[in-house]
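*Asks:* Just one file: target_16.tsv, with TSV, C-alpha atoms.
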chain	number	residue	atom	x	y	z
A	2	MET	CA	6.01	-31.35	21.64
A	3	ASN	CA	3.86	-29.41	24.09
A	4	GLN	CA	4.78	-25.96	22.82
A	5	GLN	CA	2.82	-23.06	21.37
A	6	VAL	CA	4.13	-20.38	19.04
A	7	ILE	CA	2.24	-17.21	18.19
A	8	VAL	CA	2.25	-16.31	14.51
A	9	ALA	CA	1.26	-12.73	13.70
A	10	GLY	CA	-0.28	-12.54	10.24
A	11	GLY	CA	-2.39	-14.91	8.18
A	12	GLY	CA	-0.99	-14.18	4.72
A	13	ILE	CA	1.22	-16.45	2.65
A	14	GLY	CA	4.15	-16.17	5.06
A	15	GLY	CA	2.07	-16.71	8.18
A	16	LEU	CA	0.27	-19.76	6.83
A	17	ALA	CA	3.53	-21.24	5.50
A	18	CYS	CA	5.07	-20.69	8.94
A	19	ALA	CA	2.15	-22.37	10.73
A	20	LEU	CA	2.27	-25.32	8.33
A	21	ALA	CA	6.03	-25.79	8.77
A	22	LEU	CA	5.67	-25.69	12.55
A	23	ALA	CA	2.74	-28.13	12.49
A	24	ARG	CA	4.76	-30.58	10.42
A	25	ALA	CA	7.40	-30.38	13.15
A	26	GLY	CA	4.80	-31.09	15.85
A	27	VAL	CA	4.55	-27.55	17.25
A	28	ARG	CA	1.20	-25.92	17.97
A	29	SER	CA	0.63	-22.36	16.78
A	30	VAL	CA	-1.97	-19.62	17.00
A	31	VAL	CA	-2.23	-17.58	13.81
A	32	LEU	CA	-3.48	-14.03	14.41
A	33	GLU	CA	-5.15	-12.50	11.35
A	34	GLN	CA	-6.47	-8.97	11.77
A	35	ALA	CA	-9.03	-9.27	8.94
A	36	GLU	CA	-12.46	-10.72	9.58
A	37	ALA	CA	-12.01	-13.27	6.79
A	38	PHE	CA	-9.00	-14.93	5.20
A	39	GLY	CA	-8.12	-13.65	1.79
A	40	GLU	CA	-5.28	-12.31	-0.32
A	41	VAL	CA	-5.23	-9.17	-2.40
A	42	GLY	CA	-3.05	-8.62	-5.43
A	43	ALA	CA	-2.65	-10.54	-8.63
A	44	GLY	CA	-0.09	-13.01	-9.89
A	45	LEU	CA	3.25	-14.21	-8.61
A	46	GLN	CA	6.06	-16.44	-9.79
A	47	LEU	CA	7.53	-19.36	-7.85
A	48	GLY	CA	10.98	-20.58	-8.82
A	49	PRO	CA	12.08	-24.20	-8.30
A	50	ASN	CA	13.39	-23.24	-4.85
A	51	ALA	CA	9.87	-22.46	-3.59
A	52	VAL	CA	8.17	-25.25	-5.54
A	53	ARG	CA	10.62	-27.68	-3.95
A	54	VAL	CA	9.30	-26.72	-0.51
A	55	LEU	CA	5.66	-27.05	-1.56
A	56	ALA	CA	6.43	-30.50	-2.97
A	57	GLU	CA	8.08	-31.58	0.28
A	58	TRP	CA	4.96	-30.40	2.11
A	59	GLY	CA	2.76	-32.59	-0.11
A	60	LEU	CA	1.17	-29.69	-2.00
A	61	MET	CA	2.18	-30.45	-5.60
A	62	ASP	CA	-1.26	-31.74	-6.59
A	63	ALA	CA	-2.85	-28.60	-5.17
A	64	LEU	CA	-0.29	-26.43	-6.99
A	65	GLN	CA	-0.84	-28.19	-10.31
A	66	SER	CA	-4.59	-27.66	-9.98
A	67	CYS	CA	-4.23	-23.87	-9.98
A	68	ALA	CA	-0.85	-22.90	-11.44
A	69	ALA	CA	0.70	-22.63	-14.89
A	70	PHE	CA	4.17	-23.91	-15.72
A	71	PRO	CA	5.69	-21.66	-18.40
A	72	GLU	CA	7.99	-23.07	-21.03
A	73	ALA	CA	10.35	-20.10	-21.09
A	74	LEU	CA	11.15	-16.55	-20.02
A	75	ARG	CA	11.48	-14.07	-22.88
A	76	VAL	CA	12.91	-10.58	-22.45
A	77	ARG	CA	11.92	-8.16	-25.20
A	78	ASP	CA	12.38	-4.52	-26.09
A	79	ALA	CA	9.08	-2.75	-25.41
A	80	HIS	CA	9.55	-0.34	-28.31
A	81	ARG	CA	11.16	-2.43	-31.05
A	82	ALA	CA	9.67	-5.81	-30.01
A	83	ASN	CA	12.95	-7.65	-30.64
A	84	GLN	CA	14.08	-10.37	-28.25
A	85	LEU	CA	16.83	-9.37	-25.82
A	86	GLY	CA	17.15	-12.55	-23.76
A	87	HIS	CA	15.71	-16.03	-23.35
A	88	LEU	CA	15.69	-18.62	-20.56
A	89	ARG	CA	14.22	-22.06	-21.07
A	90	LEU	CA	11.98	-23.20	-18.21
A	91	GLY	CA	9.51	-26.11	-18.34
A	92	ALA	CA	11.25	-29.47	-18.63
A	93	LEU	CA	14.69	-27.87	-18.64
A	94	ALA	CA	14.09	-26.16	-15.29
A	95	LEU	CA	13.04	-29.53	-13.92
A	96	ALA	CA	16.19	-31.16	-15.28
A	97	ARG	CA	18.52	-28.38	-14.11
A	98	HIS	CA	17.07	-27.66	-10.70
A	99	GLY	CA	14.99	-30.68	-9.81
A	100	GLN	CA	11.69	-28.81	-9.71
A	101	HIS	CA	9.29	-26.81	-11.86
A	102	TYR	CA	8.98	-23.06	-12.37
A	103	ALA	CA	5.38	-22.06	-11.63
A	104	THR	CA	3.20	-18.98	-12.08
A	105	LEU	CA	-0.09	-18.54	-10.27
A	106	HIS	CA	-2.51	-16.10	-8.74
A	107	ARG	CA	-1.57	-14.94	-5.25
A	108	ALA	CA	-5.02	-15.87	-3.93
A	109	ASP	CA	-4.58	-19.44	-5.22
A	110	LEU	CA	-1.28	-19.87	-3.38
A	111	HIS	CA	-2.85	-18.45	-0.23
A	112	GLY	CA	-5.84	-20.77	-0.66
A	113	LEU	CA	-3.81	-23.95	-0.99
A	114	LEU	CA	-1.76	-23.05	2.09
A	115	LEU	CA	-4.93	-22.23	4.03
A	116	SER	CA	-6.49	-25.57	3.09
A	117	ALA	CA	-3.35	-27.39	4.22
A	118	VAL	CA	-3.27	-25.51	7.54
A	119	GLN	CA	-6.97	-26.13	8.19
A	120	ARG	CA	-6.27	-29.86	8.06
A	121	ARG	CA	-3.68	-29.58	10.84
A	122	PRO	CA	-4.99	-29.90	14.43
A	123	GLU	CA	-1.82	-28.17	15.66
A	124	VAL	CA	-2.93	-24.85	14.15
A	125	GLN	CA	-5.49	-22.48	15.65
A	126	LEU	CA	-6.66	-19.72	13.31
A	127	ARG	CA	-7.90	-16.49	14.89
A	128	LEU	CA	-9.71	-13.93	12.71
A	129	GLY	CA	-10.25	-10.33	13.72
A	130	ALA	CA	-7.25	-10.60	16.05
A	131	ARG	CA	-4.90	-7.63	15.80
A	132	LEU	CA	-1.67	-7.56	17.75
A	133	ALA	CA	-1.34	-4.41	19.87
A	134	SER	CA	1.97	-5.06	21.64
A	135	TRP	CA	4.17	-7.83	22.96
A	136	THR	CA	6.68	-8.45	25.73
A	137	GLU	CA	9.33	-11.13	26.19
A	138	ASP	CA	10.86	-12.67	29.29
A	139	GLY	CA	12.85	-15.76	30.13
A	140	GLU	CA	9.72	-17.92	30.11
A	141	GLY	CA	8.25	-16.90	26.77
A	142	VAL	CA	6.38	-14.16	24.94
A	143	GLN	CA	3.13	-12.42	25.91
A	144	VAL	CA	1.08	-10.86	23.14
A	145	ALA	CA	-1.61	-8.29	23.87
A	146	LEU	CA	-4.44	-8.03	21.35
A	147	GLU	CA	-6.29	-4.81	20.63
A	148	GLU	CA	-9.50	-6.25	22.02
A	149	GLY	CA	-7.82	-6.75	25.39
A	150	GLU	CA	-6.95	-10.45	25.41
A	151	THR	CA	-3.40	-11.60	26.21
A	152	LEU	CA	-1.85	-14.74	24.71
A	153	SER	CA	1.28	-16.57	25.82
A	154	GLY	CA	3.67	-18.59	23.73
A	155	GLU	CA	7.17	-19.99	23.55
A	156	ALA	CA	8.00	-17.59	20.70
A	157	LEU	CA	6.51	-14.93	18.45
A	158	ILE	CA	6.98	-15.00	14.67
A	159	GLY	CA	6.13	-11.74	12.91
A	160	CYS	CA	4.63	-12.52	9.52
A	161	ASP	CA	2.61	-9.32	9.43
A	162	GLY	CA	3.98	-7.82	6.26
A	163	LEU	CA	5.57	-4.58	5.19
A	164	TRP	CA	3.94	-2.53	7.95
A	165	SER	CA	4.74	-5.12	10.63
A	166	ARG	CA	3.91	-4.27	14.24
A	167	VAL	CA	6.16	-7.07	15.41
A	168	ARG	CA	9.06	-5.51	13.51
A	169	ALA	CA	8.29	-2.09	14.98
A	170	GLY	CA	8.48	-3.53	18.50
A	171	LEU	CA	11.62	-5.55	17.74
A	172	LEU	CA	13.67	-3.11	15.69
A	173	GLY	CA	11.96	0.28	15.78
A	174	GLY	CA	13.80	2.41	13.29
A	175	PRO	CA	12.61	4.38	10.24
A	176	PRO	CA	9.36	3.64	8.40
A	177	VAL	CA	9.19	1.97	5.02
A	178	ARG	CA	10.58	3.93	2.08
A	179	ALA	CA	8.95	4.83	-1.21
A	180	THR	CA	10.74	3.31	-4.19
A	181	GLY	CA	9.60	5.95	-6.68
A	182	HIS	CA	7.90	3.24	-8.73
A	183	LEU	CA	4.20	2.64	-9.38
A	184	ALA	CA	2.78	-0.77	-10.31
A	185	TYR	CA	-0.27	-1.15	-12.55
A	186	ARG	CA	-1.72	-4.65	-12.08
A	187	GLY	CA	-4.37	-6.41	-14.13
A	188	MET	CA	-5.75	-9.77	-15.22
A	189	VAL	CA	-7.18	-10.84	-18.56
A	190	ARG	CA	-8.77	-14.09	-19.75
A	191	SER	CA	-6.69	-15.99	-22.27
A	192	VAL	CA	-9.64	-16.33	-24.64
A	193	ASP	CA	-9.82	-12.53	-24.84
A	194	LEU	CA	-6.27	-12.29	-26.17
A	195	PRO	CA	-5.11	-12.67	-29.77
A	196	THR	CA	-3.74	-16.17	-30.30
A	197	PRO	CA	-0.04	-15.11	-30.51
A	198	LEU	CA	-0.30	-13.52	-27.07
A	199	ARG	CA	-1.51	-16.72	-25.38
A	200	ALA	CA	1.89	-18.43	-25.46
A	201	ASN	CA	2.85	-20.29	-22.30
A	202	LEU	CA	5.66	-17.87	-21.48
A	203	VAL	CA	6.80	-15.33	-18.94
A	204	THR	CA	7.41	-12.22	-21.03
A	205	ALA	CA	9.26	-9.16	-19.76
A	206	TRP	CA	9.16	-5.98	-21.86
A	207	LEU	CA	11.88	-3.43	-21.08
A	208	ALA	CA	11.90	0.28	-21.88
A	209	PRO	CA	13.50	3.40	-20.44
A	210	ARG	CA	12.00	4.12	-17.01
A	211	LEU	CA	9.46	1.27	-17.17
A	212	HIS	CA	8.90	-2.43	-17.74
A	213	VAL	CA	5.92	-4.77	-18.21
A	214	VAL	CA	5.71	-8.46	-17.26
A	215	HIS	CA	2.95	-10.91	-18.15
A	216	TYR	CA	2.52	-14.64	-17.65
A	217	PRO	CA	-0.23	-17.29	-17.46
A	218	VAL	CA	-2.01	-18.20	-14.23
A	219	LYS	CA	-4.93	-20.47	-13.32
A	220	GLN	CA	-3.65	-23.33	-15.52
A	221	GLY	CA	-3.28	-20.89	-18.41
A	222	ASP	CA	-6.91	-19.73	-18.42
A	223	TRP	CA	-5.87	-16.20	-17.39
A	224	PHE	CA	-2.86	-13.94	-17.79
A	225	ASN	CA	-1.47	-11.67	-15.12
A	226	LEU	CA	0.04	-8.33	-16.16
A	227	VAL	CA	2.08	-5.86	-14.15
A	228	ALA	CA	3.47	-2.64	-15.56
A	229	VAL	CA	5.94	-0.73	-13.40
A	230	VAL	CA	6.65	2.90	-14.19
A	231	GLN	CA	8.76	5.49	-12.43
A	232	GLY	CA	6.85	8.17	-10.59
A	233	GLN	CA	5.09	8.95	-7.34
A	234	LEU	CA	1.54	9.73	-6.36
A	235	PRO	CA	0.66	13.29	-5.34
A	236	PRO	CA	0.57	13.65	-1.52
A	237	GLY	CA	-2.68	12.36	-0.07
A	238	ASP	CA	-3.82	10.81	-3.36
A	239	ASP	CA	-5.57	7.43	-3.21
A	240	PRO	CA	-5.12	5.39	-6.41
A	241	GLN	CA	-7.89	3.00	-5.38
A	242	GLY	CA	-10.38	5.82	-5.88
A	243	TRP	CA	-9.40	6.28	-9.52
A	244	THR	CA	-11.38	4.81	-12.40
A	245	HIS	CA	-10.17	2.09	-14.75
A	246	GLU	CA	-10.22	4.64	-17.56
A	247	ALA	CA	-7.86	6.93	-15.62
A	248	HIS	CA	-5.46	4.07	-14.89
A	249	ALA	CA	-5.53	2.86	-18.51
A	250	SER	CA	-5.01	6.36	-19.89
A	251	ASP	CA	-2.07	7.07	-17.60
A	252	LEU	CA	-0.49	3.73	-18.39
A	253	ARG	CA	-0.81	4.22	-22.16
A	254	ARG	CA	0.79	7.63	-21.80
A	255	ALA	CA	3.67	6.16	-19.75
A	256	LEU	CA	4.25	3.39	-22.30
A	257	GLY	CA	4.80	5.92	-25.05
A	258	PRO	CA	5.86	4.39	-28.39
A	259	ALA	CA	5.43	0.77	-27.29
A	260	CYS	CA	5.16	-1.89	-29.98
A	261	GLY	CA	1.76	-3.08	-31.21
A	262	GLU	CA	1.98	-6.49	-29.54
A	263	LEU	CA	2.53	-5.01	-26.10
A	264	MET	CA	-0.16	-2.37	-26.58
A	265	ALA	CA	-2.63	-5.08	-27.61
A	266	MET	CA	-1.88	-6.98	-24.41
A	267	VAL	CA	-2.37	-3.87	-22.30
A	268	ALA	CA	-5.56	-2.88	-24.10
A	269	ALA	CA	-7.13	-6.29	-23.40
A	270	VAL	CA	-7.05	-5.85	-19.62
A	271	PRO	CA	-10.58	-5.01	-18.42
A	272	ASP	CA	-9.54	-3.41	-15.12
A	273	TRP	CA	-6.34	-1.97	-13.68
A	274	THR	CA	-5.36	-1.30	-10.10
A	275	LEU	CA	-2.48	0.98	-9.15
A	276	TRP	CA	-0.11	0.41	-6.24
A	277	PRO	CA	2.79	2.59	-5.07
A	278	LEU	CA	5.74	0.29	-4.34
A	279	ASN	CA	7.52	0.54	-1.00
A	280	ASP	CA	10.35	-1.42	0.56
A	281	ARG	CA	13.10	-1.29	3.19
A	282	PRO	CA	16.90	-1.41	2.94
A	283	ALA	CA	18.41	-4.88	2.69
A	284	LEU	CA	19.01	-6.79	5.90
A	285	ARG	CA	22.31	-5.84	7.54
A	286	GLY	CA	22.73	-8.83	9.83
A	287	PRO	CA	20.96	-11.66	11.65
A	288	HIS	CA	19.94	-9.25	14.42
A	289	GLU	CA	17.42	-7.75	11.97
A	290	GLN	CA	15.65	-11.09	11.47
A	291	ALA	CA	15.51	-12.44	15.03
A	292	ARG	CA	16.27	-11.41	18.61
A	293	GLY	CA	15.65	-13.64	21.58
A	294	ARG	CA	12.31	-15.42	21.23
A	295	VAL	CA	10.99	-13.11	18.49
A	296	ALA	CA	11.66	-13.50	14.76
A	297	LEU	CA	10.52	-11.91	11.53
A	298	LEU	CA	9.52	-13.82	8.41
A	299	GLY	CA	8.78	-12.75	4.83
A	300	ASP	CA	7.95	-9.11	4.14
A	301	ALA	CA	8.10	-8.24	7.84
A	302	ALA	CA	11.82	-8.98	7.67
A	303	HIS	CA	12.83	-8.39	4.05
A	304	PRO	CA	10.23	-6.78	1.80
A	305	MET	CA	11.21	-7.26	-1.83
A	306	ARG	CA	10.78	-5.12	-4.87
A	307	PRO	CA	9.06	-7.37	-7.42
A	308	TYR	CA	11.91	-7.32	-9.97
A	309	PHE	CA	13.41	-10.69	-9.08
A	310	ALA	CA	10.09	-12.53	-8.59
A	311	GLN	CA	11.16	-13.96	-5.23
A	312	GLY	CA	9.08	-12.25	-2.54
A	313	ALA	CA	6.71	-15.15	-1.87
A	314	ALA	CA	9.50	-17.67	-2.40
A	315	MET	CA	11.71	-16.14	0.29
A	316	ALA	CA	8.82	-16.22	2.78
A	317	ILE	CA	8.23	-19.91	1.98
A	318	GLU	CA	11.95	-20.61	2.35
A	319	ASP	CA	11.96	-18.80	5.71
A	320	ALA	CA	9.12	-20.99	6.93
A	321	TRP	CA	10.78	-24.19	5.69
A	322	THR	CA	14.01	-23.29	7.48
A	323	LEU	CA	12.21	-22.63	10.74
A	324	GLY	CA	10.42	-25.95	10.49
A	325	ARG	CA	13.68	-27.82	9.89
A	326	LEU	CA	15.27	-26.19	12.92
A	327	VAL	CA	12.36	-27.17	15.14
A	328	GLN	CA	12.83	-30.76	14.01
A	329	ASP	CA	16.57	-30.65	14.80
A	330	ARG	CA	17.04	-32.30	18.18
A	331	GLU	CA	20.43	-30.64	18.71
A	332	ALA	CA	18.71	-27.31	19.35
A	333	GLY	CA	16.48	-28.92	21.97
A	334	SER	CA	13.52	-26.73	22.92
A	335	ASP	CA	15.57	-23.53	23.26
A	336	TRP	CA	13.62	-21.08	21.10
A	337	ALA	CA	16.21	-18.33	21.37
A	338	LEU	CA	18.81	-20.76	19.98
A	339	ARG	CA	16.47	-21.96	17.25
A	340	LEU	CA	15.65	-18.44	16.15
A	341	SER	CA	19.29	-17.40	16.28
A	342	ARG	CA	20.17	-20.24	13.90
A	343	TYR	CA	17.18	-19.34	11.75
A	344	ALA	CA	18.38	-15.76	11.39
A	345	ARG	CA	21.99	-16.76	10.73
A	346	THR	CA	20.82	-19.15	8.01
A	347	ARG	CA	18.43	-16.76	6.30
A	348	TRP	CA	19.64	-13.18	6.51
A	349	GLN	CA	22.43	-13.20	3.92
A	350	ARG	CA	20.39	-15.04	1.31
A	351	ASN	CA	17.42	-12.74	1.90
A	352	ALA	CA	19.65	-9.64	1.75
A	353	ARG	CA	21.22	-10.85	-1.51
A	354	VAL	CA	17.81	-11.27	-3.09
A	355	GLN	CA	16.72	-7.86	-1.79
A	356	LYS	CA	19.76	-6.21	-3.34
A	357	LEU	CA	19.35	-8.02	-6.65
A	358	SER	CA	15.69	-7.02	-6.73
A	359	GLN	CA	16.69	-3.38	-6.27
A	360	ARG	CA	19.42	-3.66	-8.90
A	361	ASN	CA	17.04	-5.23	-11.41
A	362	GLY	CA	14.77	-2.21	-11.09
A	363	VAL	CA	17.65	-0.05	-12.31
A	364	VAL	CA	18.65	-2.49	-15.06
A	365	PHE	CA	15.10	-3.02	-16.33
A	366	HIS	CA	14.50	0.74	-16.60
A	367	ALA	CA	17.94	1.58	-17.99
A	368	GLN	CA	18.58	4.42	-20.40
A	369	GLY	CA	21.56	5.43	-22.50
A	370	MET	CA	24.80	3.47	-22.16
A	371	LEU	CA	23.49	1.32	-19.32
A	372	ARG	CA	20.63	0.18	-21.57
A	373	TRP	CA	23.12	-0.64	-24.37
A	374	ALA	CA	25.34	-2.57	-21.93
A	375	ARG	CA	22.35	-4.52	-20.59
A	376	ASP	CA	21.18	-5.53	-24.06
A	377	SER	CA	24.70	-6.50	-25.11
A	378	ALA	CA	25.21	-8.62	-21.99
A	379	MET	CA	21.96	-10.52	-22.54
A	380	SER	CA	22.88	-11.10	-26.18
A	381	MET	CA	26.37	-12.42	-25.40
A	382	LEU	CA	25.75	-14.35	-22.18
A	383	GLY	CA	22.27	-15.70	-22.95
A	384	GLU	CA	20.88	-18.11	-20.38
A	385	ARG	CA	23.97	-17.84	-18.19
A	386	LEU	CA	22.84	-14.32	-17.26
A	387	LEU	CA	19.22	-15.24	-16.53
A	388	ASP	CA	19.52	-18.63	-14.83
A	389	ASN	CA	20.33	-18.38	-11.12
A	390	THR	CA	21.50	-21.80	-10.00
A	391	TRP	CA	22.53	-20.55	-6.55
A	392	LEU	CA	18.92	-19.42	-6.02
A	393	TYR	CA	16.85	-22.10	-7.73
A	394	ASP	CA	18.75	-24.99	-6.14
A	395	GLY	CA	17.76	-23.74	-2.66
A	396	PRO	CA	16.72	-23.42	0.02
A	397	PRO	CA	19.99	-24.15	1.85
A	398	GLU	CA	20.08	-26.38	4.88
A	399	PRO	CA	20.02	-24.54	8.23
A	400	MET	CA	23.34	-23.52	9.78
A	401	ARG	CA	24.66	-25.35	12.80
I'd like the structure from this file rewritten - as structure tokens, please.

*Replies:*
Amino acid sequence: MNQQVIVAGGGIGGLACALALARAGVRSVVLEQAEAFGEVGAGLQLGPNAVRVLAEWGLMDALQSCAAFPEALRVRDAHRANQLGHLRLGALALARHGQHYATLHRADLHGLLLSAVQRRPEVQLRLGARLASWTEDGEGVQVALEEGETLSGEALIGCDGLWSRVRAGLLGGPPVRATGHLAYRGMVRSVDLPTPLRANLVTAWLAPRLHVVHYPVKQGDWFNLVAVVQGQLPPGDDPQGWTHEAHASDLRRALGPACGELMAMVAAVPDWTLWPLNDRPALRGPHEQARGRVALLGDAAHPMRPYFAQGAAMAIEDAWTLGRLVQDREAGSDWALRLSRYARTRWQRNARVQKLSQRNGVVFHAQGMLRWARDSAMSMLGERLLDNTWLYDGPPEPMR
């Protein structure tokens, strides 16, 4: 195919998009505003639905070289330490869903996608290239860069994250919304943890108005921790200017009467960062994921609260779907048709995950009767409540 697509954003979604297009024989230009490729943040989880895509793309060896594959998910009470729920992963996830459940550092996932893209002659990577505006006509899309250059392509895919300029030009509308939650993120070496805390598990600790999750990354050599508490920063405050001691002190105060095991895990973290969490309302229809020759992918379309561990997975699924549609000869080379089918395939699944992510934030932080009902449901329903076959058996084939 002698086509070129412009991909705005060189994060996980943008690189996955470029790789999927390259596998379908389509050239792309990836515009990354930073002067060097990199990925901030800490760990992430990839369910079998996302791992299935990486395996199809020939990236399982790369994933196994940097990820961990937990044996189970344990949900525990942050105050009393008792187990509330349990979901077997490991070999059982492989048997149930046909692929593994993986945990890894965000930078490692970005790195393996970048390496794969760099091996593809169909992909041109542009650093220091920031999209200023774009226009669409019957012939294609023209993208103006801040430095004055104009690029032309058959389509534009906005993979430029929560604060997407492509989305702003496509949909306009209100800015992102504050969730009222703050995320403390940290990493700790496994050898610096007491032996009982090194178990190959995803552990979620629940308490009123907060929760903590930790799991192994980097083949189990490190653990990623994230503690989410309810609250907002004072206006104009910059959490990145705070000291580790301030973060640690505030987090300990928020945790209150947490059990000794959880406090030991938190105390072992040598450095904390603090991030206010923002999102957008769930998608309301396919028109919010694509219009004409312009489409949105990943956080640009459907930013997720991190309470369902599917943000990166949905971006990877988006990219896979787009690649499959490009390979489908029935759509021909009509990019408006391709992107229409892409949006119709993806929007409801993405919206469902967005809504469940929002709901989980309420359930995780429950108080009073809702907390009692949550604990009772996990006790009675067990793995049936925690295993999401409809999700992990994806991604679904594109709609016709």

*Asks:* Identify which of the residues A:Leu157, A:Leu20, A:Leu323, A:Val364 lies closest to A:Pro396, counting all atoms listed in the file when measuring atom-to-atom distances.

*Replies:*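 Closest residue, counting all atoms listed in the file: A:Leu323.
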
*Asks:* Please, what is the axis-aligned box for every listed atom of stretch 50-61 of chain A with 6 Å on each side, as centre and edge lengths in Å to one decimal, as AutoDock Vina command-line options?

*Replies:*
--center_x 7.3 --center_y -27.5 --center_z -1.7 --size_x 24.2 --size_y 22.1 --size_z 19.7

*Asks:* Could you check which residues have any atom within 8 Å of (15.6, -11.4, -0.3), counting all atoms listed in the file with coordinates taken straight from the file, and then list them as a list in words?

*Replies:*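 Residues close enough to count: Ala283, His303, Pro304, Met305, Gln311, Gly312, Met315, Arg350, Asn351, Ala352, Arg353, Val354, Gln355, Lys356 and Ser358 of chain A.
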
*Asks:* For A:Ala337, work out the shell of residues within 10 Å, counting all atoms listed in the file and skipping chain neighbours fewer than 4 positions away, then give it as an NGL selection string.

*Replies:* :A and (139 or 141 or 155-156 or 291-296 or 332 or 341-343)

*Asks:* When distances are computed from only C-alpha atoms, which of A:Lys219, A:His101, A:Arg81, A:Arg199 shows the smallest separation from A:Met61?

*Replies:* A:His101

*Asks:* From the set A:Ile317, A:Leu85, A:Leu128, A:Cys67, which residue has the shortest atom-to-atom contact distance to A:Ala374, counting only C-alpha atoms?

*Replies:*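 The answer is A:Leu85, which sits nearest to A:Ala374.
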
*Asks:* Skipping near chain neighbours, those fewer than 4 positions away, what residues fall within 9 Å of stretch 86-90 of chain A using only C-alpha atoms, listed as number ranges by chain?

*Replies:* A: 70-77, 94-95, 101-102, 202, 376, 379-380, 382-388

*Asks:* Could you give me, as a list of chain:residue names, the residues within 10 Å of A:Gly362, counting only C-alpha atoms and dropping anything in the same chain fewer than 2 positions from it?

*Replies:*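 Here the qualifying residues turn out to be A:Thr180, A:His182, A:Arg210, A:Leu211, A:His212, A:Val229, A:Gln231, A:Arg306, A:Pro307, A:Tyr308, A:Phe309, A:Leu357, A:Ser358, A:Gln359, A:Arg360, A:Val364, A:Phe365, A:His366, A:Ala367.
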
*Asks:* Quick check, in Å to one decimal: how far apart do atom CA of A:Leu284 and atom CA of A:Gly12 lie?

*Replies:*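 Interatomic distance, atom CA of A:Leu284 to atom CA of A:Gly12: 21.4 Å.
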
*Asks:* Taking into account only C-alpha atoms, which residue in the set A:Asp161, A:Glu148, A:Asp62, A:Asp394 is nearest to A:Glu33?

*Replies:*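 Closest to A:Glu33, using only C-alpha atoms: A:Asp161.
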
*Asks:* Kindly give the distance, in Å, that separates atom CA of A:Val41 and atom CA of A:Glu150, rounded to a single decimal.

*Replies:*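 Straight-line distance from atom CA of A:Val41 to atom CA of A:Glu150 works out to 27.9 Å.
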
*Asks:* Expressed in Å to a single decimal, how great is the separation between atom CA of A:Val8 and atom CA of A:Val31?

*Replies:*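 Value for the atom CA of A:Val8-atom CA of A:Val31 distance: 4.7 Å.
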
*Asks:* List every residue of stretch 121-192 of chain A that has an atom at most 12 Å from any atom of stretch 260-282 of chain A, giving for each one its closest atom pair and the distance in Å to one decimal, counting all atoms listed in the file, sorted by chain and then by ascending residue number, as a tab-separated table.

*Replies:*
residue	atom	partner	partner_atom	distance
A:Gly162	CA	A:Asp280	CA	10.7
A:Leu163	CA	A:Asp280	CA	7.4
A:Trp164	CA	A:Asp280	CA	9.8
A:Ser165	CA	A:Arg281	CA	11.8
A:Arg168	CA	A:Arg281	CA	11.9
A:Gly174	CA	A:Arg281	CA	10.8
A:Pro175	CA	A:Arg281	CA	9.1
A:Pro176	CA	A:Arg281	CA	8.1
A:Val177	CA	A:Arg281	CA	5.4
A:Arg178	CA	A:Asn279	CA	5.5
A:Ala179	CA	A:Asn279	CA	4.5
A:Thr180	CA	A:Asn279	CA	5.3
A:Gly181	CA	A:Leu278	CA	7.2
A:His182	CA	A:Leu278	CA	5.7
A:Leu183	CA	A:Pro277	CA	4.5
A:Ala184	CA	A:Trp276	CA	5.1
A:Tyr185	CA	A:Leu275	CA	4.6
A:Arg186	CA	A:Thr274	CA	5.3
A:Gly187	CA	A:Trp273	CA	4.9
A:Met188	CA	A:Val270	CA	6.0
A:Val189	CA	A:Val270	CA	5.1
A:Arg190	CA	A:Val270	CA	8.4
A:Ser191	CA	A:Ala269	CA	9.8
A:Val192	CA	A:Ala269	CA	10.4

*Asks:* Write a file for stretch 22-27 of chain A of the given structure; include N, CA, C and O atoms and format it as a PDB file, in the first residue's frame.

*Replies:*
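Listing of out01.pdb after writing:
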ATOM      1  N   LEU A  22      -0.204  -0.606  12.092  1.00  0.00           N
ATOM      2  CA  LEU A  22      -0.299  -0.138  10.711  1.00  0.00           C
ATOM      3  C   LEU A  22       0.828  -0.711   9.859  1.00  0.00           C
ATOM      4  O   LEU A  22       0.613  -1.114   8.709  1.00  0.00           O
ATOM      5  N   ALA A  23       2.046  -0.735  10.403  1.00  0.00           N
ATOM      6  CA  ALA A  23       3.180  -1.267   9.650  1.00  0.00           C
ATOM      7  C   ALA A  23       2.963  -2.731   9.297  1.00  0.00           C
ATOM      8  O   ALA A  23       3.282  -3.172   8.181  1.00  0.00           O
ATOM      9  N   ARG A  24       2.419  -3.497  10.232  1.00  0.00           N
ATOM     10  CA  ARG A  24       2.151  -4.907   9.967  1.00  0.00           C
ATOM     11  C   ARG A  24       1.117  -5.071   8.863  1.00  0.00           C
ATOM     12  O   ARG A  24       1.066  -6.112   8.207  1.00  0.00           O
ATOM     13  N   ALA A  25       0.277  -4.043   8.673  1.00  0.00           N
ATOM     14  CA  ALA A  25      -0.712  -4.079   7.601  1.00  0.00           C
ATOM     15  C   ALA A  25      -0.182  -3.463   6.306  1.00  0.00           C
ATOM     16  O   ALA A  25      -0.925  -3.348   5.332  1.00  0.00           O
ATOM     17  N   GLY A  26       1.084  -3.026   6.316  1.00  0.00           N
ATOM     18  CA  GLY A  26       1.691  -2.480   5.110  1.00  0.00           C
ATOM     19  C   GLY A  26       1.486  -1.002   4.906  1.00  0.00           C
ATOM     20  O   GLY A  26       1.728  -0.479   3.806  1.00  0.00           O
ATOM     21  N   VAL A  27       1.056  -0.266   5.942  1.00  0.00           N
ATOM     22  CA  VAL A  27       0.790   1.162   5.823  1.00  0.00           C
ATOM     23  C   VAL A  27       1.916   1.955   6.470  1.00  0.00           C
ATOM     24  O   VAL A  27       2.322   1.676   7.609  1.00  0.00           O
TER      25      VAL A  27
END
